[in-house]
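With mmCIF, N, CA and C atoms inside, this is coords14.cif:
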data_entry
loop_
_atom_site.label_atom_id
_atom_site.label_comp_id
_atom_site.auth_asym_id
_atom_site.auth_seq_id
_atom_site.Cartn_x
_atom_site.Cartn_y
_atom_site.Cartn_z
N MET A 111 7.11 -14.38 13.34
CA MET A 111 8.52 -14.13 13.53
C MET A 111 9.26 -14.05 12.19
N PHE A 112 8.89 -14.95 11.27
CA PHE A 112 9.52 -14.93 9.95
C PHE A 112 9.14 -13.66 9.19
N ASN A 113 7.91 -13.18 9.40
CA ASN A 113 7.48 -11.96 8.73
C ASN A 113 8.30 -10.77 9.21
N LEU A 114 8.60 -10.71 10.50
CA LEU A 114 9.42 -9.63 11.03
C LEU A 114 10.83 -9.70 10.46
N ALA A 115 11.39 -10.89 10.38
CA ALA A 115 12.73 -11.05 9.79
C ALA A 115 12.72 -10.64 8.32
N SER A 116 11.68 -10.99 7.61
CA SER A 116 11.56 -10.62 6.21
C SER A 116 11.43 -9.10 6.06
N LEU A 117 10.68 -8.46 6.93
CA LEU A 117 10.56 -7.01 6.90
C LEU A 117 11.89 -6.32 7.15
N ILE A 118 12.65 -6.84 8.10
CA ILE A 118 13.96 -6.25 8.40
C ILE A 118 14.90 -6.40 7.21
N ILE A 119 14.93 -7.58 6.62
CA ILE A 119 15.77 -7.80 5.44
C ILE A 119 15.32 -6.87 4.31
N GLY A 120 14.01 -6.74 4.13
CA GLY A 120 13.49 -5.87 3.09
C GLY A 120 13.82 -4.41 3.31
N LEU A 121 13.75 -3.95 4.55
CA LEU A 121 14.09 -2.56 4.83
C LEU A 121 15.57 -2.28 4.58
N VAL A 122 16.42 -3.21 4.98
CA VAL A 122 17.86 -3.04 4.73
C VAL A 122 18.13 -3.01 3.22
N ALA A 123 17.50 -3.92 2.49
CA ALA A 123 17.69 -3.96 1.04
C ALA A 123 17.13 -2.70 0.39
N LEU A 124 16.02 -2.18 0.90
CA LEU A 124 15.43 -0.97 0.34
C LEU A 124 16.33 0.24 0.57
N ILE A 125 16.93 0.34 1.74
CA ILE A 125 17.85 1.44 2.02
C ILE A 125 19.03 1.39 1.06
N PHE A 126 19.59 0.20 0.86
CA PHE A 126 20.71 0.07 -0.07
C PHE A 126 20.26 0.32 -1.51
N ALA A 127 19.01 -0.05 -1.84
CA ALA A 127 18.51 0.19 -3.20
C ALA A 127 18.36 1.68 -3.46
N VAL A 128 17.95 2.44 -2.45
CA VAL A 128 17.86 3.90 -2.61
C VAL A 128 19.25 4.49 -2.83
N ILE A 129 20.22 4.00 -2.08
CA ILE A 129 21.60 4.48 -2.25
C ILE A 129 22.12 4.10 -3.64
N ALA A 130 21.70 2.95 -4.16
CA ALA A 130 22.18 2.49 -5.46
C ALA A 130 21.61 3.30 -6.61
N PHE A 131 20.66 4.20 -6.34
CA PHE A 131 20.15 5.08 -7.39
C PHE A 131 21.13 6.20 -7.73
N ILE A 132 22.13 6.39 -6.89
CA ILE A 132 23.16 7.39 -7.18
C ILE A 132 23.94 6.90 -8.41
N PRO A 133 24.22 7.80 -9.35
CA PRO A 133 24.96 7.37 -10.55
C PRO A 133 26.27 6.66 -10.20
N PHE A 134 26.58 5.65 -10.96
CA PHE A 134 27.78 4.81 -10.82
C PHE A 134 27.76 3.89 -9.60
N LEU A 135 26.62 3.82 -8.91
CA LEU A 135 26.47 2.85 -7.83
C LEU A 135 25.42 1.80 -8.17
N GLY A 136 24.99 1.76 -9.42
CA GLY A 136 23.99 0.80 -9.85
C GLY A 136 24.46 -0.64 -9.75
N TRP A 137 25.76 -0.86 -9.78
CA TRP A 137 26.31 -2.22 -9.64
C TRP A 137 25.93 -2.83 -8.30
N ALA A 138 25.60 -2.02 -7.32
CA ALA A 138 25.23 -2.54 -6.00
C ALA A 138 23.94 -3.35 -6.06
N ASN A 139 23.14 -3.13 -7.10
CA ASN A 139 21.90 -3.89 -7.24
C ASN A 139 22.16 -5.38 -7.44
N TRP A 140 23.35 -5.72 -7.94
CA TRP A 140 23.69 -7.13 -8.09
C TRP A 140 23.80 -7.82 -6.73
N PHE A 141 24.01 -7.05 -5.66
CA PHE A 141 24.04 -7.61 -4.31
C PHE A 141 22.71 -7.42 -3.60
N ILE A 142 21.98 -6.38 -3.97
CA ILE A 142 20.70 -6.08 -3.32
C ILE A 142 19.63 -7.07 -3.74
N ILE A 143 19.59 -7.42 -5.02
CA ILE A 143 18.56 -8.33 -5.51
C ILE A 143 18.63 -9.70 -4.84
N PRO A 144 19.80 -10.34 -4.73
CA PRO A 144 19.84 -11.62 -4.01
C PRO A 144 19.44 -11.50 -2.53
N LEU A 145 19.80 -10.37 -1.90
CA LEU A 145 19.39 -10.15 -0.52
C LEU A 145 17.87 -10.07 -0.43
N ALA A 146 17.24 -9.38 -1.36
CA ALA A 146 15.79 -9.27 -1.37
C ALA A 146 15.13 -10.61 -1.71
N ILE A 147 15.78 -11.41 -2.53
CA ILE A 147 15.24 -12.75 -2.82
C ILE A 147 15.24 -13.60 -1.57
N ILE A 148 16.31 -13.53 -0.79
CA ILE A 148 16.36 -14.25 0.48
C ILE A 148 15.24 -13.77 1.40
N GLY A 149 15.05 -12.46 1.46
CA GLY A 149 13.97 -11.90 2.28
C GLY A 149 12.61 -12.36 1.80
N ALA A 150 12.41 -12.46 0.50
CA ALA A 150 11.13 -12.92 -0.04
C ALA A 150 10.88 -14.38 0.31
N VAL A 151 11.92 -15.18 0.26
CA VAL A 151 11.77 -16.60 0.63
C VAL A 151 11.41 -16.73 2.10
N VAL A 152 12.07 -15.95 2.95
CA VAL A 152 11.73 -15.96 4.37
C VAL A 152 10.29 -15.47 4.56
N GLY A 153 9.87 -14.48 3.78
CA GLY A 153 8.51 -13.97 3.86
C GLY A 153 7.48 -14.98 3.41
N MET A 154 7.85 -15.85 2.49
CA MET A 154 6.91 -16.87 2.03
C MET A 154 6.66 -17.94 3.08
N ILE A 155 7.61 -18.12 3.99
CA ILE A 155 7.45 -19.09 5.06
C ILE A 155 6.42 -18.61 6.08
N SER A 156 6.33 -17.29 6.26
CA SER A 156 5.46 -16.74 7.30
C SER A 156 4.01 -16.66 6.82
N ARG A 157 3.14 -16.40 7.76
CA ARG A 157 1.72 -16.24 7.42
C ARG A 157 1.43 -14.86 6.87
N GLY A 158 2.16 -13.86 7.35
CA GLY A 158 1.95 -12.49 6.88
C GLY A 158 2.51 -12.29 5.49
N THR A 159 2.01 -11.26 4.84
CA THR A 159 2.45 -11.00 3.47
C THR A 159 3.23 -9.70 3.33
N ALA A 160 3.33 -8.92 4.38
CA ALA A 160 3.98 -7.60 4.28
C ALA A 160 5.46 -7.74 3.93
N GLY A 161 6.17 -8.62 4.58
CA GLY A 161 7.59 -8.80 4.32
C GLY A 161 7.86 -9.30 2.92
N ARG A 162 7.06 -10.27 2.50
CA ARG A 162 7.21 -10.81 1.14
C ARG A 162 6.96 -9.72 0.12
N ASN A 163 5.90 -8.95 0.30
CA ASN A 163 5.55 -7.90 -0.66
C ASN A 163 6.62 -6.81 -0.71
N LEU A 164 7.17 -6.45 0.43
CA LEU A 164 8.23 -5.44 0.46
C LEU A 164 9.45 -5.93 -0.31
N ASN A 165 9.82 -7.17 -0.10
CA ASN A 165 10.99 -7.72 -0.80
C ASN A 165 10.74 -7.85 -2.30
N LEU A 166 9.53 -8.20 -2.69
CA LEU A 166 9.21 -8.26 -4.12
C LEU A 166 9.29 -6.87 -4.74
N PHE A 167 8.87 -5.85 -4.00
CA PHE A 167 9.00 -4.47 -4.48
C PHE A 167 10.47 -4.09 -4.65
N VAL A 168 11.30 -4.46 -3.68
CA VAL A 168 12.73 -4.14 -3.77
C VAL A 168 13.36 -4.86 -4.96
N ILE A 169 12.97 -6.10 -5.20
CA ILE A 169 13.48 -6.83 -6.36
C ILE A 169 13.09 -6.12 -7.65
N LEU A 170 11.84 -5.68 -7.73
CA LEU A 170 11.37 -4.97 -8.91
C LEU A 170 12.14 -3.67 -9.13
N VAL A 171 12.35 -2.91 -8.06
CA VAL A 171 13.11 -1.66 -8.15
C VAL A 171 14.54 -1.95 -8.61
N GLY A 172 15.16 -2.96 -8.04
CA GLY A 172 16.53 -3.30 -8.41
C GLY A 172 16.66 -3.74 -9.86
N VAL A 173 15.72 -4.54 -10.33
CA VAL A 173 15.77 -5.02 -11.71
C VAL A 173 15.55 -3.86 -12.68
N VAL A 174 14.60 -3.00 -12.38
CA VAL A 174 14.35 -1.84 -13.25
C VAL A 174 15.58 -0.94 -13.28
N ARG A 175 16.19 -0.72 -12.14
CA ARG A 175 17.40 0.12 -12.08
C ARG A 175 18.54 -0.49 -12.89
N LEU A 176 18.68 -1.80 -12.81
CA LEU A 176 19.72 -2.46 -13.61
C LEU A 176 19.43 -2.35 -15.11
N MET A 177 18.17 -2.45 -15.47
CA MET A 177 17.81 -2.32 -16.89
C MET A 177 18.07 -0.91 -17.39
N LEU A 178 17.78 0.08 -16.56
CA LEU A 178 18.02 1.47 -16.97
C LEU A 178 19.51 1.77 -17.10
N GLY A 179 20.30 1.17 -16.25
CA GLY A 179 21.74 1.44 -16.28
C GLY A 179 22.53 0.50 -17.15
N GLY A 180 21.88 -0.39 -17.85
CA GLY A 180 22.59 -1.31 -18.71
C GLY A 180 23.27 -2.44 -17.96
N GLY A 181 22.87 -2.66 -16.73
CA GLY A 181 23.41 -3.76 -15.93
C GLY A 181 24.62 -3.42 -15.10
N PHE A 182 25.15 -2.21 -15.27
CA PHE A 182 26.34 -1.88 -14.51
C PHE A 182 26.24 -0.54 -13.82
N PHE A 183 25.83 0.49 -14.52
CA PHE A 183 25.79 1.81 -13.94
C PHE A 183 24.48 1.97 -13.25
#

Whole structure, C-alpha coordinates version:
Amino acid sequence: MFNLASLIIGLVALIFAVIAFIPFLGWANWFIIPLAIIGAVVGMISRGTAGRNLNLFVILVGVVRLMLGGGFF
(Lines of atoms letter the chains of each structure in order from A and count residues from 1; the text may use other names and numbers.)
(Lines give C-alpha, C1' and ligand atoms only; values in the text may rest on other atoms or scores of the structure.)
Protein backbone atom coordinates (compact mmCIF):
# COMPACT_ATOMS: atom_id res chain seq x y z
CA MET A 1 0.00 0.00 0.00
CA PHE A 2 2.85 2.38 0.82
CA ASN A 3 4.50 1.54 -2.50
CA LEU A 4 1.34 2.53 -4.37
CA ALA A 5 1.15 5.82 -2.45
CA SER A 6 4.81 6.45 -3.23
CA LEU A 7 4.23 5.75 -6.92
CA ILE A 8 1.32 8.18 -7.03
CA ILE A 9 3.34 10.89 -5.31
CA GLY A 10 6.23 10.20 -7.69
CA LEU A 11 4.03 10.40 -10.78
CA VAL A 12 2.53 13.71 -9.66
CA ALA A 13 6.00 15.09 -8.93
CA LEU A 14 7.28 13.82 -12.30
CA ILE A 15 4.45 15.52 -14.18
CA PHE A 16 5.22 18.80 -12.42
CA ALA A 17 8.96 18.28 -13.05
CA VAL A 18 8.30 17.95 -16.79
CA ILE A 19 6.28 21.17 -16.70
CA ALA A 20 9.12 22.85 -14.77
CA PHE A 21 11.44 22.28 -17.74
CA ILE A 22 9.68 25.16 -19.49
CA PRO A 23 11.90 28.25 -19.29
CA PHE A 24 11.19 30.53 -16.31
CA LEU A 25 9.31 27.76 -14.49
CA GLY A 26 12.43 26.19 -12.97
CA TRP A 27 11.57 27.74 -9.59
CA ALA A 28 8.83 25.10 -9.32
CA ASN A 29 11.54 22.53 -8.60
CA TRP A 30 11.88 24.07 -5.15
CA PHE A 31 8.41 22.61 -4.46
CA ILE A 32 8.81 19.43 -6.50
CA ILE A 33 11.96 18.21 -4.75
CA PRO A 34 10.43 18.22 -1.22
CA LEU A 35 7.34 16.45 -2.61
CA ALA A 36 9.58 13.78 -4.12
CA ILE A 37 11.51 13.47 -0.86
CA ILE A 38 8.24 12.77 0.95
CA GLY A 39 7.42 10.17 -1.70
CA ALA A 40 10.84 8.57 -1.28
CA VAL A 41 10.37 8.34 2.48
CA VAL A 42 6.98 6.70 1.99
CA GLY A 43 8.62 4.36 -0.54
CA MET A 44 11.28 3.38 1.97
CA ILE A 45 8.59 2.19 4.36
CA SER A 46 7.20 -0.26 1.80
CA ARG A 47 8.66 -3.54 0.67
CA GLY A 48 8.62 -2.59 -3.00
CA THR A 49 11.28 -0.41 -4.52
CA ALA A 50 9.51 1.04 -7.57
CA GLY A 51 8.03 4.05 -5.77
CA ARG A 52 11.26 4.87 -3.99
CA ASN A 53 13.26 4.61 -7.21
CA LEU A 54 10.82 6.80 -9.12
CA ASN A 55 11.00 9.49 -6.46
CA LEU A 56 14.79 9.34 -6.36
CA PHE A 57 14.79 9.83 -10.14
CA VAL A 58 12.48 12.85 -9.80
CA ILE A 59 14.77 14.31 -7.12
CA LEU A 60 17.76 13.84 -9.42
CA VAL A 61 15.95 15.49 -12.35
CA GLY A 62 14.87 18.41 -10.16
CA VAL A 63 18.34 18.99 -8.73
CA VAL A 64 19.98 18.85 -12.16
CA ARG A 65 17.38 21.29 -13.52
CA LEU A 66 18.02 23.68 -10.64
CA MET A 67 21.76 23.47 -11.24
CA LEU A 68 21.32 24.21 -14.94
CA GLY A 69 19.08 27.18 -14.24
CA GLY A 70 21.19 28.65 -11.49
CA GLY A 71 18.62 27.80 -8.82
CA PHE A 72 15.87 30.00 -10.11
CA PHE A 73 15.19 29.76 -13.82

At most 7 Å is the cut-off: for each residue in segment 154-175 of chain A with any atom that close to an atom of segment 119-134 of chain A, write down the nearest atom pair and the distance in Å rounded to one decimal, counting only N, CA and C atoms, chain first then increasing number, as a tab-separated table.
residue	atom	partner	partner_atom	distance
A:Gly161	C	A:Gly120	CA	6.6
A:Leu164	C	A:Gly120	CA	5.3
A:Asn165	CA	A:Gly120	CA	5.0
A:Val168	CA	A:Leu124	CA	5.9
A:Gly172	CA	A:Ala127	CA	6.6

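The gap separating atom C of Phe141 of chain A from atom CA of Asn163 of chain A is 17.4 Å, in Å to one decimal.
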
Using the chain letters and numbers from this file, what does the PyMOL selection byres ((chain A and resi 111) around 8) select? Give the answer as an MDAnalysis selection string.
chainID A and resid 112:117 152 156:158

DSSP says alpha helix (DSSP H) for which residues of segment 119-173 of chain A? Put them as a VMD selection string?
chain A and resid 119 to 129 139 to 155 160 to 173

What gap, in Å, lies between atom CA of Ile118 of chain A and atom N of Leu135 of chain A?
23.7 Å

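Picture a line from atom C of Ile147 of chain A to atom N of Arg162 of chain A; it runs 9.7 Å.
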
In terms of the shortest atom-to-atom distance over only N, CA and C atoms, which of A:Met154, A:Ile148, A:Ile143, A:Ala138 is closest to Ile169 of chain A?
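Of A:Met154, A:Ile148, A:Ile143, A:Ala138, the one nearest Ile169 of chain A, counting only N, CA and C atoms, is A:Ile143.
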